[in-house]
$ cat data.pdb   # PDB, C-alpha atoms, pLDDT in the B column
ATOM      1  CA  GLY X 286      78.599 102.856  79.458  1.00 69.00           C
ATOM      2  CA  ILE X 287      81.039 101.773  76.759  1.00 72.00           C
ATOM      3  CA  ASN X 288      78.561 102.437  73.923  1.00 73.00           C
ATOM      4  CA  GLU X 289      78.143 106.072  75.012  1.00 77.00           C
ATOM      5  CA  TYR X 290      81.930 106.459  75.331  1.00 76.00           C
ATOM      6  CA  CYS X 291      82.532 105.110  71.809  1.00 73.00           C
ATOM      7  CA  GLN X 292      79.831 107.357  70.313  1.00 74.00           C
ATOM      8  CA  THR X 293      81.364 110.410  72.033  1.00 78.00           C
ATOM      9  CA  LEU X 294      84.837 109.434  70.797  1.00 74.00           C
ATOM     10  CA  ILE X 295      83.659 109.148  67.194  1.00 74.00           C
ATOM     11  CA  ARG X 296      81.981 112.590  67.373  1.00 80.00           C
ATOM     12  CA  LEU X 297      85.198 114.356  68.440  1.00 80.00           C
ATOM     13  CA  PRO X 298      87.019 116.620  65.933  1.00 83.00           C
ATOM     14  CA  SER X 299      88.458 114.672  63.001  1.00 80.00           C
ATOM     15  CA  LYS X 300      92.067 115.242  64.083  1.00 79.00           C
ATOM     16  CA  ILE X 301      91.210 113.008  67.067  1.00 78.00           C
ATOM     17  CA  SER X 302      88.517 110.653  65.733  1.00 74.00           C
ATOM     18  CA  ASP X 303      90.460 109.917  62.504  1.00 79.00           C
ATOM     19  CA  ASP X 304      93.725 109.250  64.345  1.00 78.00           C
ATOM     20  CA  PRO X 305      95.111 105.750  63.575  1.00 79.00           C
ATOM     21  CA  TYR X 306      95.048 104.824  67.276  1.00 75.00           C
ATOM     22  CA  VAL X 307      91.290 105.431  67.367  1.00 73.00           C
ATOM     23  CA  THR X 308      90.464 103.865  63.991  1.00 76.00           C
ATOM     24  CA  ASN X 309      92.593 100.789  64.741  1.00 76.00           C
ATOM     25  CA  PHE X 310      90.724 100.357  68.017  1.00 73.00           C
ATOM     26  CA  PHE X 311      87.401 100.115  66.154  1.00 71.00           C
ATOM     27  CA  GLU X 312      88.714  97.857  63.358  1.00 75.00           C
ATOM     28  CA  ILE X 313      87.111  94.406  63.462  1.00 74.00           C
ATOM     29  CA  THR X 314      89.493  91.453  63.612  1.00 72.00           C
ATOM     30  CA  PRO X 315      88.790  87.780  62.773  1.00 70.00           C
ATOM     31  CA  GLU X 316      89.073  87.053  66.512  1.00 68.00           C
ATOM     32  CA  ASP X 317      86.181  89.493  67.154  1.00 64.00           C
ATOM     33  CA  ILE X 318      83.921  87.638  64.715  1.00 66.00           C
ATOM     34  CA  ASN X 319      84.880  84.084  65.657  1.00 65.00           C
ATOM     35  CA  PRO X 320      86.484  83.987  69.119  1.00 63.00           C
ATOM     36  CA  THR X 321      88.447  80.856  69.892  1.00 61.00           C
ATOM     37  CA  LEU X 322      88.340  79.154  73.229  1.00 58.00           C
ATOM     38  CA  LYS X 323      91.580  78.664  75.094  1.00 55.00           C
ATOM     39  CA  LYS X 324      92.991  75.195  74.704  1.00 55.00           C
ATOM     40  CA  ASP X 325      93.737  73.153  77.817  1.00 54.00           C
ATOM     41  CA  LYS X 326      97.455  73.616  77.237  1.00 54.00           C
ATOM     42  CA  ASP X 327      96.999  77.416  77.514  1.00 54.00           C
ATOM     43  CA  VAL X 328      95.126  77.204  80.813  1.00 55.00           C
ATOM     44  CA  LYS X 329      97.263  76.924  83.934  1.00 58.00           C
ATOM     45  CA  LYS X 330      96.210  74.035  86.099  1.00 58.00           C
ATOM     46  CA  PHE X 331      96.594  74.202  89.842  1.00 57.00           C
ATOM     47  CA  SER X 332      98.078  71.285  91.667  1.00 56.00           C
ATOM     48  CA  ASP X 333      97.025  69.910  95.010  1.00 56.00           C
ATOM     49  CA  SER X 334     100.603  68.875  95.687  1.00 58.00           C
ATOM     50  CA  ALA X 335     102.266  70.558  98.663  1.00 58.00           C
ATOM     51  CA  ASN X 336     105.584  70.092  96.865  1.00 61.00           C
ATOM     52  CA  GLU X 337     104.669  72.827  94.395  1.00 65.00           C
ATOM     53  CA  ILE X 338     103.901  75.510  96.985  1.00 66.00           C
ATOM     54  CA  SER X 339     106.628  78.131  97.222  1.00 67.00           C
ATOM     55  CA  ASP X 340     108.578  78.855 100.371  1.00 67.00           C
ATOM     56  CA  PRO X 341     107.389  81.815 102.433  1.00 70.00           C
ATOM     57  CA  ILE X 342     108.909  85.182 101.612  1.00 74.00           C
ATOM     58  CA  LEU X 343     111.272  86.410 104.311  1.00 78.00           C
ATOM     59  CA  LEU X 344     110.721  90.102 104.902  1.00 83.00           C
ATOM     60  CA  GLU X 345     113.541  92.402 105.993  1.00 84.00           C
ATOM     61  CA  GLN X 346     113.411  93.442 109.619  1.00 86.00           C
ATOM     62  CA  PHE X 347     114.005  97.017 110.722  1.00 88.00           C
ATOM     63  CA  VAL X 348     113.950  98.723 114.104  1.00 88.00           C
ATOM     64  CA  ALA X 349     112.291 102.076 114.826  1.00 89.00           C
ATOM     65  CA  ILE X 350     114.894 104.604 115.991  1.00 87.00           C
ATOM     66  CA  ALA X 351     112.307 107.089 117.312  1.00 90.00           C
ATOM     67  CA  ASP X 352     108.618 107.355 118.068  1.00 93.00           C
ATOM     68  CA  TYR X 353     106.340 108.286 115.168  1.00 93.00           C
ATOM     69  CA  LYS X 354     102.632 109.091 115.508  1.00 93.00           C
ATOM     70  CA  LYS X 355     100.553 108.275 112.448  1.00 91.00           C
ATOM     71  CA  GLN X 356      98.887 111.233 110.770  1.00 92.00           C
ATOM     72  CA  LYS X 357      96.731 109.473 108.156  1.00 90.00           C
ATOM     73  CA  THR X 358      94.695 106.278 108.210  1.00 89.00           C
ATOM     74  CA  ALA X 359      97.067 104.448 105.834  1.00 89.00           C
ATOM     75  CA  GLU X 360     100.023 105.070 108.175  1.00 90.00           C
ATOM     76  CA  CYS X 361     101.178 103.227 111.302  1.00 89.00           C
ATOM     77  CA  SER X 362     102.578 104.642 114.509  1.00 91.00           C
ATOM     78  CA  LEU X 363     106.037 103.513 115.645  1.00 92.00           C
ATOM     79  CA  THR X 364     107.580 103.196 119.094  1.00 90.00           C
ATOM     80  CA  SER X 365     111.345 103.530 119.473  1.00 89.00           C
ATOM     81  CA  GLY X 366     112.905 100.045 119.542  1.00 89.00           C
ATOM     82  CA  GLN X 367     109.921  98.409 117.830  1.00 89.00           C
ATOM     83  CA  ILE X 368     110.766  95.727 115.221  1.00 89.00           C
ATOM     84  CA  VAL X 369     108.847  95.844 111.923  1.00 90.00           C
ATOM     85  CA  GLU X 370     109.016  93.879 108.669  1.00 89.00           C
ATOM     86  CA  VAL X 371     109.239  95.926 105.476  1.00 88.00           C
ATOM     87  CA  ILE X 372     106.900  94.801 102.695  1.00 87.00           C
ATOM     88  CA  ASP X 373     107.443  97.638 100.183  1.00 87.00           C
ATOM     89  CA  LYS X 374     109.970 100.464  99.855  1.00 85.00           C
ATOM     90  CA  ASN X 375     108.830 103.480  97.906  1.00 82.00           C
ATOM     91  CA  GLU X 376     111.522 105.877  96.703  1.00 76.00           C
ATOM     92  CA  ASN X 377     109.446 108.773  98.044  1.00 79.00           C
ATOM     93  CA  GLY X 378     110.727 107.830 101.516  1.00 82.00           C
ATOM     94  CA  TRP X 379     107.652 105.974 102.780  1.00 87.00           C
ATOM     95  CA  TRP X 380     107.803 102.220 103.429  1.00 88.00           C
ATOM     96  CA  PHE X 381     104.900  99.817 103.875  1.00 91.00           C
ATOM     97  CA  VAL X 382     105.511  97.728 107.005  1.00 90.00           C
ATOM     98  CA  HIS X 383     103.984  94.766 108.796  1.00 90.00           C
ATOM     99  CA  MET X 384     103.924  94.986 112.586  1.00 86.00           C
ATOM    100  CA  ASP X 385     101.583  92.220 113.689  1.00 78.00           C
ATOM    101  CA  ASP X 386      98.401  90.526 112.510  1.00 73.00           C
ATOM    102  CA  LEU X 387      96.381  93.706 112.970  1.00 79.00           C
ATOM    103  CA  ASN X 388      98.796  96.449 111.937  1.00 83.00           C
ATOM    104  CA  GLU X 389     100.204  97.214 108.507  1.00 89.00           C
ATOM    105  CA  GLY X 390     100.742 100.622 106.984  1.00 90.00           C
ATOM    106  CA  TRP X 391     103.102 103.299 105.726  1.00 91.00           C
ATOM    107  CA  VAL X 392     105.868 104.799 107.870  1.00 90.00           C
ATOM    108  CA  PRO X 393     108.663 107.270 107.063  1.00 88.00           C
ATOM    109  CA  ALA X 394     111.837 105.340 106.202  1.00 86.00           C
ATOM    110  CA  THR X 395     113.967 107.837 108.125  1.00 85.00           C
ATOM    111  CA  TYR X 396     112.568 106.356 111.354  1.00 88.00           C
ATOM    112  CA  LEU X 397     113.895 102.869 110.539  1.00 87.00           C
ATOM    113  CA  GLU X 398     117.307 101.193 110.635  1.00 84.00           C
ATOM    114  CA  PRO X 399     118.196  97.600 109.711  1.00 83.00           C
ATOM    115  CA  VAL X 400     118.047  95.199 112.663  1.00 81.00           C
ATOM    116  CA  TYR X 401     121.235  93.436 111.566  1.00 73.00           C
ATOM    117  CA  GLY X 402     123.768  96.141 110.669  1.00 62.00           C
ATOM    118  CA  ARG X 403     124.102  97.808 107.285  1.00 52.00           C
ATOM    119  CA  ASN X 404     121.688  96.546 104.672  1.00 49.00           C
ATOM    120  CA  ASP X 405     122.203  96.825 100.892  1.00 49.00           C
ATOM    121  CA  ALA X 406     118.460  97.292 100.501  1.00 49.00           C
ATOM    122  CA  VAL X 407     118.742 100.815 101.902  1.00 56.00           C
ATOM    123  CA  SER X 408     121.764 101.679  99.776  1.00 65.00           C
ATOM    124  CA  PRO X 409     121.063 104.486  97.338  1.00 69.00           C
ATOM    125  CA  ILE X 410     120.586 104.022  93.613  1.00 72.00           C
ATOM    126  CA  ILE X 411     123.546 105.751  91.957  1.00 75.00           C
ATOM    127  CA  PHE X 412     123.388 106.808  88.314  1.00 76.00           C
ATOM    128  CA  GLY X 413     126.569 106.750  86.244  1.00 79.00           C
ATOM    129  CA  PRO X 414     127.688 109.642  84.039  1.00 82.00           C
ATOM    130  CA  GLY X 415     125.116 110.228  81.315  1.00 83.00           C
ATOM    131  CA  GLU X 416     122.482 108.151  83.165  1.00 82.00           C
ATOM    132  CA  GLU X 417     121.254 110.932  85.464  1.00 82.00           C
ATOM    133  CA  GLU X 418     117.513 111.596  85.599  1.00 81.00           C
ATOM    134  CA  MET X 419     115.934 115.029  85.218  1.00 83.00           C
ATOM    135  CA  PHE X 420     113.052 116.196  87.433  1.00 82.00           C
ATOM    136  CA  ILE X 421     111.035 119.405  87.653  1.00 82.00           C
ATOM    137  CA  THR X 422     110.557 120.608  91.210  1.00 80.00           C
ATOM    138  CA  THR X 423     106.994 120.955  92.489  1.00 81.00           C
ATOM    139  CA  SER X 424     107.808 123.203  95.442  1.00 82.00           C
ATOM    140  CA  ILE X 425     110.434 125.554  96.825  1.00 86.00           C
ATOM    141  CA  TYR X 426     113.135 124.101  99.086  1.00 86.00           C
ATOM    142  CA  LYS X 427     115.547 126.075 101.264  1.00 89.00           C
ATOM    143  CA  ALA X 428     118.696 124.167 102.230  1.00 86.00           C
ATOM    144  CA  LYS X 429     119.003 123.603 105.982  1.00 89.00           C
ATOM    145  CA  ASN X 430     122.395 121.836 106.006  1.00 87.00           C
ATOM    146  CA  ASP X 431     125.675 122.166 104.092  1.00 87.00           C
ATOM    147  CA  ASP X 432     125.004 119.006 102.069  1.00 86.00           C
ATOM    148  CA  GLU X 433     121.650 120.305 100.737  1.00 87.00           C
ATOM    149  CA  ILE X 434     120.780 122.644  97.862  1.00 89.00           C
ATOM    150  CA  SER X 435     118.117 125.350  97.607  1.00 89.00           C
ATOM    151  CA  PHE X 436     115.831 125.671  94.596  1.00 88.00           C
ATOM    152  CA  GLU X 437     112.661 127.355  93.393  1.00 87.00           C
ATOM    153  CA  ARG X 438     109.421 125.730  92.244  1.00 85.00           C
ATOM    154  CA  GLY X 439     109.382 124.611  88.596  1.00 83.00           C
ATOM    155  CA  VAL X 440     113.141 124.336  87.998  1.00 83.00           C
ATOM    156  CA  LEU X 441     114.956 121.393  86.409  1.00 85.00           C
ATOM    157  CA  ILE X 442     117.127 119.302  88.771  1.00 85.00           C
ATOM    158  CA  GLU X 443     119.580 116.652  87.559  1.00 85.00           C
ATOM    159  CA  VAL X 444     119.356 113.684  89.966  1.00 83.00           C
ATOM    160  CA  PHE X 445     122.406 111.431  90.209  1.00 83.00           C
ATOM    161  CA  GLN X 446     121.532 109.461  93.354  1.00 81.00           C
ATOM    162  CA  LYS X 447     118.202 108.295  94.843  1.00 77.00           C
ATOM    163  CA  GLY X 448     117.946 107.163  98.425  1.00 72.00           C
ATOM    164  CA  LEU X 449     115.042 104.936  99.454  1.00 65.00           C
ATOM    165  CA  ASP X 450     114.684 107.126 102.536  1.00 64.00           C
ATOM    166  CA  GLY X 451     113.266 109.894 100.345  1.00 67.00           C
ATOM    167  CA  TRP X 452     116.453 112.000 100.059  1.00 77.00           C
ATOM    168  CA  TRP X 453     117.978 112.355  96.605  1.00 81.00           C
ATOM    169  CA  LYS X 454     121.245 113.953  95.500  1.00 85.00           C
ATOM    170  CA  GLY X 455     121.244 116.198  92.504  1.00 87.00           C
ATOM    171  CA  ARG X 456     122.575 119.273  90.709  1.00 87.00           C
ATOM    172  CA  TYR X 457     120.935 122.637  90.227  1.00 89.00           C
ATOM    173  CA  LYS X 458     122.919 125.402  88.576  1.00 89.00           C
ATOM    174  CA  ASP X 459     126.423 125.105  90.071  1.00 85.00           C
ATOM    175  CA  ASP X 460     125.331 123.444  93.311  1.00 86.00           C
ATOM    176  CA  ALA X 461     125.201 119.731  94.135  1.00 86.00           C
ATOM    177  CA  GLY X 462     123.757 118.170  97.223  1.00 84.00           C
TER
END

$ encode --input "data.pdb" --output "C-alpha cells"
Amino acid sequence: GINEYCQTLIRLPSKISDDPYVTNFFEITPEDINPTLKKDKDVKKFSDSANEISDPILLEQFVAIADYKKQKTAECSLTSGQIVEVIDKNENGWWFVHMDDLNEGWVPATYLEPVYGRNDAVSPIIFGPGEEEMFITTSIYKAKNDDEISFERGVLIEVFQKGLDGWWKGRYKDDAG
C-alpha cells in the first residue's frame, strides 16, 4: 500500500526523490507527533429544525425538439416534445437531465430547447479581446457550413466563444467560425 509507494518514491533518481515537493511531503510536523482533536466549535452541528432546511432547487425545464436514441448506458433516449429538467450542463455539448424517478442521464444539448422562450443559461460564453483561450485540436474537422472552419489535427485554435451546446467559435489562420 502506502508504505510500498513511499519506499519506491524514495528510491527514484535523486532529481526526483530530492525534489523539495517530495522532501517536504516526508517532513514531520508537530501535528504529526501530537495530533489535536477538533474542538466543538470546529465541528458543524446538525439541527433538527425544519426552519434550517434549504428550499428545493428548481431545475430548468427544456423540451426535446427531436427523437434521440441513447447509444451508451449513461445516456437517456428522448422523444420529440418530451419535457426534461437539466441538472448539469457540460460545455462539451452533453447535458445531464432528469426525466422521471427512474430516468436520468446524458443527452446532446442540441436536441433541447428551453420550455419558456430564450434562456440565458444557453447563451454562449464570450471572451473579450485578450481573454481568448487557446486549444490544440485532437482531430481533423472539415467545415460543412459557411459559418464553420476546417482544421487539421494538432493545430492551435484561438477560441473566443463557447456554446454550452458543444459548438465553439474560434480562429485558425485567417478563418473564423

$ atom_distance --input "data.pdb" --atom1 "atom CA of X:Ser365" --atom2 "atom CA of X:Tyr353"
8.1 Å

$ atom_distance --input "data.pdb" --atom1 "atom CA of X:Val348" --atom2 "atom CA of X:Val392"
11.9 Å

$ resolve_selection --input "data.pdb" --expression "the PyMOL selection byres ((chain X and resi 400) around 6)" --output "PyMOL selection string"
chain X and resi 346-348+399+401

$ write_last_selection --input "data.pdb" --atoms "C-alpha atoms" --output "JSON list (two decimals), in the coordinates of the input"
[["chain", "number", "residue", "atom", "x", "y", "z"],
["X", 346, "GLN", "CA", 113.41, 93.44, 109.62],
["X", 347, "PHE", "CA", 114.00, 97.02, 110.72],
["X", 348, "VAL", "CA", 113.95, 98.72, 114.10],
["X", 399, "PRO", "CA", 118.20, 97.60, 109.71],
["X", 401, "TYR", "CA", 121.24, 93.44, 111.57]]

$ residues_around --input "data.pdb" --residues "X:Ser362" --least-positions-apart "3" --cutoff "12 Å" --atoms "only C-alpha atoms" --output "VMD selection string"
chain X and resid 349 351 to 359 365 367 369 381 to 384 388 to 393 396

$ resolve_selection --input "data.pdb" --expression "the PyMOL selection byres ((chain X and resi 418-427) around 8)" --output "PyMOL selection string"
chain X and resi 416-417+428-429+434-445

$ atom_distance --input "data.pdb" --atom1 "atom CA of X:Asp431" --atom2 "atom CA of X:Gly455"
13.8 Å

$ resolve_selection --input "data.pdb" --expression "the PyMOL selection byres ((chain X and resi 375) around 10)" --output "ChimeraX atom specification"
/X:373-374,376-381,391,393-394,448-451

$ closest_residue --input "data.pdb" --among "X:Gly415, X:Ile410, X:Leu344, X:Gly462" --to "X:Glu433" --atoms "only C-alpha atoms"
X:Gly462
